[in-house]
Amino acid sequence: MRVAFVGKGGSGKTTLSSLFARYATRRGPVVAIDADINQHLGLVLGAAEPPPPLGGMLTEIKDYLRGGNPLIRDVASMVKTTPPGRGSRLIRLDDPFFPSRRVEGVSLMVTGPFEEDDLGVACYHSKLGAVELYLNHLVDGPGEYVVVDMTAGADSFASGLFTRFDLTILVAEPTRQGVSVYRQYRDHAAGFDVEIAVVGNKVHSPEDVGFLREHVGDDLLTWFGHSPAIRGMEQGRPFTLDDLEPAGHQALATLLDRLDAQPKDWPKFGRQAAEFHIRNAHAWANRATGQDLVAQIDPGFVYGPAVATP
């Protein structure tokens, strides 16, 4: 299953992403991807140093994933939304081509930070294209998890990446600003069949829970209150899940149970991949490449484990 953590900047989505990634290793292998411009997931997980960034190897990723797909003329004509087809290289969770660091039982991957050469001339979404290509070509199996710490707020909607997940968990503080980001995300996602659940964070009282229930309704799945263990982790003190209070363990179990209960919908995944590739082709990619990139869509390709290569 693939899960994205989104929310207002400062809501705690990176912290909860790291906790959830650790917790999910109790049920299966986990890849955690830092797709936030601030690149703090590795720090919170406790990585001594990050792996090489995916955003810096976009050309190599395209060449690797293109494989022998005859509909993709060359690497230059492959864009972030180019979907796989017959001949494309499909990947598994542990594909060694994609650099990662093992930390807390999690395989950490990062998009990488803004570099000095990017300032004023590039947007961060070019780096996120590496994550979108990875997810488009990934064939994840039962009991495998991909946890993505996304960019803050509605910035996640700048590409089709927001449709690449089985479940999106929106982290909301019990404030007007927190629930306004939830409403914005919910409204943007309307019509795209995106599964959203809300987890409250920095909840201090029953009144805070009541506030969240009033404003997000049945989307509220669980919440995290004040935790000395989490605060210590954020301050850099040694931390393991055994240090987390029982309420935190229960909240993580609720999130993981909700994710595991979500049906895997490969046909929807394929439809949305094609839809957003067509959108990008018409909006800018055809003009940029001088080709009709809609022709890259292989109508005979079937998403899912049945077509995975060993």
# chains A, B, ... in the order shown; residues from 1 in each chain; ligands from 1
>>> residues_around(residues="Val131 in chain A", least_positions_apart="5", cutoff="9 Å", atoms="only C-alpha atoms", output="PyMOL selection string")
chain A and resi 33+35+54-55+80+110-111+136+161
>>> write_last_selection(atoms="all heavy atoms", output="compact mmCIF listing (two decimals), in the first residue's frame")
# COMPACT_ATOMS: atom_id res chain seq x y z
N ILE A 33 9.77 7.94 1.63
CA ILE A 33 10.32 8.91 0.67
C ILE A 33 10.08 10.32 1.18
O ILE A 33 8.93 10.69 1.47
CB ILE A 33 9.68 8.74 -0.72
CG1 ILE A 33 9.85 7.30 -1.23
CG2 ILE A 33 10.29 9.73 -1.70
CD1 ILE A 33 9.18 7.04 -2.56
N ALA A 35 9.54 13.74 0.20
CA ALA A 35 9.17 14.52 -0.98
C ALA A 35 8.77 15.94 -0.57
O ALA A 35 8.02 16.61 -1.28
CB ALA A 35 8.03 13.85 -1.73
N LEU A 54 17.10 11.43 -5.38
CA LEU A 54 16.46 11.00 -6.62
C LEU A 54 16.36 12.16 -7.62
O LEU A 54 16.46 11.96 -8.83
CB LEU A 54 15.06 10.46 -6.34
CG LEU A 54 14.94 9.26 -5.41
CD1 LEU A 54 13.47 8.91 -5.20
CD2 LEU A 54 15.70 8.06 -5.95
N GLY A 55 16.14 13.37 -7.07
CA GLY A 55 15.97 14.53 -7.95
C GLY A 55 17.20 14.85 -8.77
O GLY A 55 17.10 15.53 -9.80
N LYS A 80 7.61 13.38 -16.53
CA LYS A 80 7.31 12.80 -15.21
C LYS A 80 6.02 12.00 -15.19
O LYS A 80 5.86 11.09 -14.36
CB LYS A 80 7.23 13.92 -14.17
CG LYS A 80 6.11 14.93 -14.41
CD LYS A 80 6.13 16.04 -13.38
CE LYS A 80 5.01 17.03 -13.62
NZ LYS A 80 5.02 18.12 -12.62
N VAL A 110 15.16 9.95 -0.78
CA VAL A 110 14.91 11.40 -0.71
C VAL A 110 14.91 12.00 -2.10
O VAL A 110 15.62 11.53 -3.00
CB VAL A 110 15.97 12.12 0.17
CG1 VAL A 110 16.01 11.53 1.58
CG2 VAL A 110 17.35 12.05 -0.46
N THR A 111 14.10 13.04 -2.28
CA THR A 111 14.15 13.77 -3.54
C THR A 111 15.34 14.70 -3.58
O THR A 111 15.86 15.02 -4.64
CB THR A 111 12.87 14.61 -3.74
OG1 THR A 111 12.68 15.45 -2.60
CG2 THR A 111 11.66 13.71 -3.89
N ASN A 136 4.75 5.34 -10.51
CA ASN A 136 4.05 4.88 -11.71
C ASN A 136 4.54 3.51 -12.17
O ASN A 136 3.78 2.73 -12.75
CB ASN A 136 4.23 5.88 -12.85
CG ASN A 136 3.16 6.95 -12.86
OD1 ASN A 136 2.16 6.83 -12.16
ND2 ASN A 136 3.37 8.00 -13.64
N LEU A 161 0.87 13.69 -8.80
CA LEU A 161 1.40 12.85 -7.74
C LEU A 161 0.37 12.56 -6.67
O LEU A 161 0.39 11.48 -6.05
CB LEU A 161 2.64 13.52 -7.13
CG LEU A 161 3.45 12.74 -6.10
CD1 LEU A 161 3.91 11.39 -6.64
CD2 LEU A 161 4.64 13.56 -5.62
>>> residues_around(residues="Thr289 in chain A", least_positions_apart="5", cutoff="9 Å", atoms="only C-alpha atoms", output="compact mmCIF listing (two decimals) with all heavy atoms, in the first residue's frame")
# COMPACT_ATOMS: atom_id res chain seq x y z
N ALA A 76 14.71 11.98 -23.69
CA ALA A 76 14.27 13.37 -23.76
C ALA A 76 12.77 13.50 -23.92
O ALA A 76 12.18 14.52 -23.54
CB ALA A 76 14.98 14.09 -24.91
N SER A 77 12.12 12.49 -24.47
CA SER A 77 10.68 12.55 -24.68
C SER A 77 9.91 11.90 -23.54
O SER A 77 8.68 11.81 -23.60
CB SER A 77 10.30 11.89 -26.00
OG SER A 77 10.64 10.51 -25.99
N MET A 78 10.60 11.46 -22.50
CA MET A 78 9.94 10.87 -21.33
C MET A 78 9.80 11.95 -20.27
O MET A 78 10.78 12.56 -19.84
CB MET A 78 10.74 9.69 -20.79
CG MET A 78 10.01 8.88 -19.73
SD MET A 78 10.92 7.36 -19.33
CE MET A 78 9.81 6.60 -18.15
N TRP A 284 1.76 21.37 -21.63
CA TRP A 284 3.12 21.85 -21.86
C TRP A 284 4.06 20.83 -22.51
O TRP A 284 4.97 21.20 -23.25
CB TRP A 284 3.77 22.29 -20.54
CG TRP A 284 3.92 21.16 -19.55
CD1 TRP A 284 3.02 20.74 -18.62
CD2 TRP A 284 5.05 20.28 -19.43
NE1 TRP A 284 3.50 19.65 -17.93
CE2 TRP A 284 4.75 19.35 -18.39
CE3 TRP A 284 6.28 20.18 -20.08
CZ2 TRP A 284 5.63 18.34 -18.00
CZ3 TRP A 284 7.17 19.17 -19.70
CH2 TRP A 284 6.84 18.28 -18.66
>>> select_by_dssp(residues="range 182-257 of chain A", states="alpha helix (DSSP H)", output="number ranges by chain")
A: 182-189, 206-216, 228-234, 246-257
>>> write_last_selection(atoms="N, CA, C and O atoms", output="compact mmCIF listing (two decimals), in the first residue's frame")
# COMPACT_ATOMS: atom_id res chain seq x y z
N TYR A 182 -7.33 21.32 5.43
CA TYR A 182 -8.12 20.12 5.16
C TYR A 182 -9.21 20.41 4.13
O TYR A 182 -9.37 19.66 3.15
N ARG A 183 -9.95 21.49 4.32
CA ARG A 183 -11.04 21.82 3.38
C ARG A 183 -10.48 22.06 1.98
O ARG A 183 -11.06 21.63 0.97
N GLN A 184 -9.37 22.79 1.92
CA GLN A 184 -8.75 23.08 0.63
C GLN A 184 -8.32 21.79 -0.07
O GLN A 184 -8.57 21.60 -1.27
N TYR A 185 -7.71 20.90 0.68
CA TYR A 185 -7.25 19.63 0.10
C TYR A 185 -8.45 18.79 -0.34
O TYR A 185 -8.46 18.24 -1.44
N ARG A 186 -9.45 18.72 0.53
CA ARG A 186 -10.66 17.95 0.19
C ARG A 186 -11.31 18.49 -1.08
O ARG A 186 -11.71 17.71 -1.97
N ASP A 187 -11.42 19.80 -1.21
CA ASP A 187 -12.07 20.39 -2.36
C ASP A 187 -11.26 20.18 -3.63
O ASP A 187 -11.83 19.91 -4.70
N HIS A 188 -9.95 20.31 -3.55
CA HIS A 188 -9.11 20.07 -4.72
C HIS A 188 -9.19 18.61 -5.17
O HIS A 188 -9.16 18.31 -6.36
N ALA A 189 -9.27 17.70 -4.19
CA ALA A 189 -9.28 16.27 -4.51
C ALA A 189 -10.63 15.78 -5.00
O ALA A 189 -10.72 14.70 -5.58
N PRO A 206 -10.36 17.33 25.24
CA PRO A 206 -11.57 16.87 24.55
C PRO A 206 -12.17 17.96 23.67
O PRO A 206 -12.78 17.66 22.64
N GLU A 207 -11.98 19.21 24.06
CA GLU A 207 -12.49 20.32 23.24
C GLU A 207 -11.77 20.36 21.89
O GLU A 207 -12.39 20.68 20.87
N ASP A 208 -10.48 20.05 21.90
CA ASP A 208 -9.75 20.01 20.64
C ASP A 208 -10.30 18.90 19.72
O ASP A 208 -10.46 19.10 18.52
N VAL A 209 -10.58 17.75 20.30
CA VAL A 209 -11.16 16.65 19.52
C VAL A 209 -12.53 17.06 18.98
O VAL A 209 -12.85 16.82 17.81
N GLY A 210 -13.32 17.72 19.84
CA GLY A 210 -14.63 18.18 19.40
C GLY A 210 -14.54 19.18 18.26
O GLY A 210 -15.35 19.16 17.33
N PHE A 211 -13.54 20.05 18.33
CA PHE A 211 -13.34 21.03 17.26
C PHE A 211 -13.04 20.33 15.94
O PHE A 211 -13.62 20.67 14.89
N LEU A 212 -12.16 19.33 15.98
CA LEU A 212 -11.84 18.61 14.76
C LEU A 212 -13.05 17.85 14.24
O LEU A 212 -13.32 17.85 13.02
N ARG A 213 -13.79 17.19 15.12
CA ARG A 213 -14.98 16.46 14.67
C ARG A 213 -16.00 17.41 14.03
O ARG A 213 -16.65 17.07 13.04
N GLU A 214 -16.13 18.60 14.60
CA GLU A 214 -17.08 19.57 14.05
C GLU A 214 -16.72 19.99 12.64
O GLU A 214 -17.59 20.18 11.79
N HIS A 215 -15.41 20.08 12.37
CA HIS A 215 -14.98 20.66 11.10
C HIS A 215 -14.58 19.63 10.04
O HIS A 215 -14.59 19.95 8.85
N VAL A 216 -14.22 18.42 10.44
CA VAL A 216 -13.84 17.42 9.44
C VAL A 216 -14.75 16.21 9.44
O VAL A 216 -14.66 15.36 8.55
N PRO A 228 5.69 13.46 25.53
CA PRO A 228 7.09 13.74 25.88
C PRO A 228 8.07 12.93 25.03
O PRO A 228 9.16 13.42 24.69
N ALA A 229 7.70 11.69 24.67
CA ALA A 229 8.60 10.87 23.85
C ALA A 229 8.79 11.47 22.46
O ALA A 229 9.92 11.53 21.95
N ILE A 230 7.70 11.93 21.85
CA ILE A 230 7.82 12.54 20.52
C ILE A 230 8.59 13.85 20.60
O ILE A 230 9.43 14.14 19.75
N ARG A 231 8.33 14.64 21.63
CA ARG A 231 9.07 15.89 21.77
C ARG A 231 10.57 15.61 21.92
O ARG A 231 11.41 16.30 21.33
N GLY A 232 10.91 14.58 22.69
CA GLY A 232 12.30 14.21 22.83
C GLY A 232 12.92 13.79 21.51
O GLY A 232 14.06 14.14 21.19
N MET A 233 12.16 13.02 20.71
CA MET A 233 12.64 12.62 19.40
C MET A 233 12.91 13.84 18.52
O MET A 233 13.95 13.93 17.84
N GLU A 234 11.99 14.79 18.53
CA GLU A 234 12.15 15.99 17.72
C GLU A 234 13.33 16.83 18.18
O GLU A 234 13.91 17.59 17.39
N PRO A 246 1.30 4.65 25.27
CA PRO A 246 0.27 3.75 24.72
C PRO A 246 -0.71 4.44 23.78
O PRO A 246 -1.13 3.84 22.77
N ALA A 247 -1.09 5.68 24.07
CA ALA A 247 -2.04 6.38 23.19
C ALA A 247 -1.45 6.56 21.80
O ALA A 247 -2.16 6.48 20.78
N GLY A 248 -0.15 6.82 21.72
CA GLY A 248 0.50 6.96 20.43
C GLY A 248 0.52 5.66 19.66
O GLY A 248 0.29 5.63 18.45
N HIS A 249 0.80 4.55 20.36
CA HIS A 249 0.77 3.24 19.72
C HIS A 249 -0.63 2.93 19.18
O HIS A 249 -0.77 2.39 18.07
N GLN A 250 -1.65 3.28 19.94
CA GLN A 250 -3.02 3.01 19.50
C GLN A 250 -3.36 3.83 18.26
O GLN A 250 -4.00 3.34 17.32
N ALA A 251 -2.92 5.08 18.23
CA ALA A 251 -3.18 5.93 17.07
C ALA A 251 -2.48 5.37 15.82
O ALA A 251 -3.07 5.34 14.73
N LEU A 252 -1.24 4.93 15.98
CA LEU A 252 -0.51 4.36 14.84
C LEU A 252 -1.18 3.07 14.36
O LEU A 252 -1.27 2.82 13.15
N ALA A 253 -1.64 2.24 15.30
CA ALA A 253 -2.33 1.01 14.92
C ALA A 253 -3.61 1.33 14.14
O ALA A 253 -3.94 0.65 13.15
N THR A 254 -4.33 2.37 14.57
CA THR A 254 -5.55 2.77 13.86
C THR A 254 -5.24 3.20 12.44
O THR A 254 -5.95 2.84 11.49
N LEU A 255 -4.16 3.98 12.26
CA LEU A 255 -3.77 4.42 10.92
C LEU A 255 -3.38 3.24 10.04
O LEU A 255 -3.80 3.15 8.87
N LEU A 256 -2.60 2.32 10.58
CA LEU A 256 -2.15 1.18 9.78
C LEU A 256 -3.30 0.25 9.45
O LEU A 256 -3.39 -0.27 8.32
N ASP A 257 -4.21 0.05 10.38
CA ASP A 257 -5.39 -0.78 10.09
C ASP A 257 -6.24 -0.16 8.98
O ASP A 257 -6.77 -0.87 8.12
>>> residues_around(residues="Pro267 in chain A", least_positions_apart="4", cutoff="12 Å", atoms="only C-alpha atoms", output="list of chain:residue names")
A:Pro263, A:Arg271, A:Gln272, A:Ala273, A:Ala274, A:Phe301, A:Val302, A:Tyr303, A:Gly304, A:Pro305
>>> write_last_selection(atoms="N, CA, C and O atoms", output="short mmCIF file (atom, residue, chain, number, x, y, z; two decimals), in the first residue's frame")
data_model
loop_
_atom_site.label_atom_id
_atom_site.label_comp_id
_atom_site.auth_asym_id
_atom_site.auth_seq_id
_atom_site.Cartn_x
_atom_site.Cartn_y
_atom_site.Cartn_z
N PRO A 263 -8.91 -1.09 -0.23
CA PRO A 263 -8.73 -1.98 -1.38
C PRO A 263 -7.71 -1.42 -2.37
O PRO A 263 -7.66 -0.20 -2.60
N ARG A 271 -6.06 4.36 -14.95
CA ARG A 271 -6.88 5.41 -15.57
C ARG A 271 -6.34 6.79 -15.20
O ARG A 271 -6.26 7.69 -16.05
N GLN A 272 -6.01 6.97 -13.93
CA GLN A 272 -5.54 8.27 -13.50
C GLN A 272 -4.16 8.59 -14.06
O GLN A 272 -3.86 9.74 -14.37
N ALA A 273 -3.31 7.57 -14.20
CA ALA A 273 -2.01 7.80 -14.81
C ALA A 273 -2.17 8.31 -16.23
O ALA A 273 -1.50 9.27 -16.65
N ALA A 274 -3.07 7.70 -16.99
CA ALA A 274 -3.31 8.14 -18.36
C ALA A 274 -3.92 9.54 -18.38
O ALA A 274 -3.53 10.39 -19.19
N PHE A 301 -1.67 -2.14 -22.03
CA PHE A 301 -0.91 -2.40 -20.81
C PHE A 301 -1.86 -2.58 -19.64
O PHE A 301 -2.84 -1.84 -19.49
N VAL A 302 -1.57 -3.56 -18.78
CA VAL A 302 -2.39 -3.86 -17.63
C VAL A 302 -1.57 -3.62 -16.37
O VAL A 302 -0.49 -4.21 -16.20
N TYR A 303 -2.05 -2.75 -15.48
CA TYR A 303 -1.36 -2.47 -14.24
C TYR A 303 -1.57 -3.60 -13.23
O TYR A 303 -2.63 -4.21 -13.20
N GLY A 304 -0.56 -3.81 -12.40
CA GLY A 304 -0.72 -4.76 -11.31
C GLY A 304 0.32 -5.86 -11.34
O GLY A 304 1.14 -5.95 -12.24
N PRO A 305 0.27 -6.74 -10.33
CA PRO A 305 1.29 -7.79 -10.17
C PRO A 305 1.37 -8.77 -11.32
O PRO A 305 2.40 -9.38 -11.54
#
>>> atom_distance(atom1="CA of Ala285 in chain A", atom2="CA of Asp74 in chain A")
14.2 Å
>>> closest_residue(among="A:Val194, A:Ala4, A:His277, A:Glu104", to="Asp298 in chain A", atoms="only C-alpha atoms")
A:His277
>>> select_by_dssp(residues="range 65-270 of chain A", states="strand (DSSP E or B)", output="JSON, numbers by chain")
{"A": [91, 101, 102, 103, 106, 107, 108, 109, 110, 138, 145, 146, 147, 148, 149, 167, 168, 169, 170, 171, 172, 196, 197, 198, 199, 200, 201, 202, 203, 220, 221, 222, 223, 224, 225]}
